[in-house]
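K.L.:
Sharing a structure, written as structure tokens. Questions coming.
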Amino acid sequence: MPDPAGAPGTVGAVTATATPPQTHARTRLAFRVVAFAEAVSWAGLLIGMFFKWVLETTELGVKIFGPIHGGIFVAYVVMCLVAWRTFGWSFKVAIAALASAVPPFLTVAFEVWADRRGLLGAAARR
């Protein structure tokens with residue numbers, strides 16, 4: 001039974017643990033990959049919508065990229081929540097990350113902004 005009096009490494013009866021550095025690196029990489037994939041899927045969906053609505057030739061692009069974009073969008077939302085917890089983002093930063101998924105390609109801009117400010121753990125080497 002843990003020492004409730006506050007033995008080293010405990011807070012009351014709960015052991016206090018820090019997020020391991022390898023978790024930060026994995027979360028950073030996953031966030032960056034999903035942010036880029038979300039932007040690419042937006043591009044595919046926009047091209048598909050162009051063919052469907054402007055050229056009125058085919059719906060194939062929307063049928064292919066619609067579900068792909070939807071799945072990657074959900075993955076991006078999950079990664080935002082994971083990054084929020086892992087990196088200790090403020091509520092405002094978390095909301096900005098989530099909102100960046102709505103306009104096309106803004107996830108990449110948010111990722112660059114967050115990386116330059118050290119919000120994704122270790123700053124990128126330049």
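Residue numbers start at 1 in each chain; chains themselves are named A, B, ... in the order of the structure tokens; ligands are numbered from 1 in the order shown.
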So that I can check the surroundings of range 63-69 of chain A, please list as a list in words every protein, DNA and RNA residue that reaches within 7 Å of it, counting only C-alpha atoms and ignoring chain neighbours fewer than 4 positions away.
P.N.:
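The filter keeps Glu38, Ser41, Trp42, Gly44, Leu45, Glu59 and Phe73 of chain A.
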K.L.:
What's the 10 Å shell around Ala43 in chain A, counting only C-alpha atoms, without same-chain residues fewer than 4 positions away, as a ChimeraX atom specification?
P.N.:
/A:37-39,47-49,65,69,104-105
K.L.:
Of the candidates A:Phe50, A:Gly70, A:Arg32, A:Leu119, which one gets nearest to Ser90 in chain A if we count only C-alpha atoms?
P.N.:
A:Leu119
K.L.:
Hey, what's within 7 Å of range 80-89 of chain A if we count only C-alpha atoms and toss same-chain stuff fewer than 4 positions away? As an mmCIF file with C-alpha atoms, in the first residue's frame, please?
P.N.:
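Output file part29.cif is given in full below:
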data_model
loop_
_atom_site.group_PDB
_atom_site.id
_atom_site.type_symbol
_atom_site.label_atom_id
_atom_site.label_comp_id
_atom_site.auth_asym_id
_atom_site.auth_seq_id
_atom_site.Cartn_x
_atom_site.Cartn_y
_atom_site.Cartn_z
ATOM 1 C CA THR A 19 5.420 11.875 -19.190
ATOM 2 C CA HIS A 24 6.776 13.352 -26.264
ATOM 3 C CA THR A 27 3.281 12.278 -29.892
ATOM 4 C CA TYR A 76 -6.451 14.810 -36.073
ATOM 5 C CA VAL A 93 -3.968 26.484 -27.812
ATOM 6 C CA ALA A 94 -6.061 23.303 -27.816
ATOM 7 C CA ALA A 97 -5.447 23.310 -32.842
ATOM 8 C CA LEU A 98 -8.955 21.901 -33.164
ATOM 9 C CA LEU A 119 4.491 23.605 -28.099
ATOM 10 C CA LEU A 120 5.280 20.200 -29.610
ATOM 11 C CA GLY A 121 8.011 19.303 -27.174
#
K.L.:
What is the CA of Val74 in chain A to CA of Leu46 in chain A distance in Å?
P.N.:
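That distance, rounded to one decimal, is 18.0 Å.
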K.L.:
Check the smallest atom-to-atom distance from each of A:Leu55, A:Ala96, A:Val102, A:Ile72 to Ala35 in chain A using only C-alpha atoms, then report the winner.
P.N.:
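Of all the options, A:Ile72 lies closest to Ala35 in chain A.
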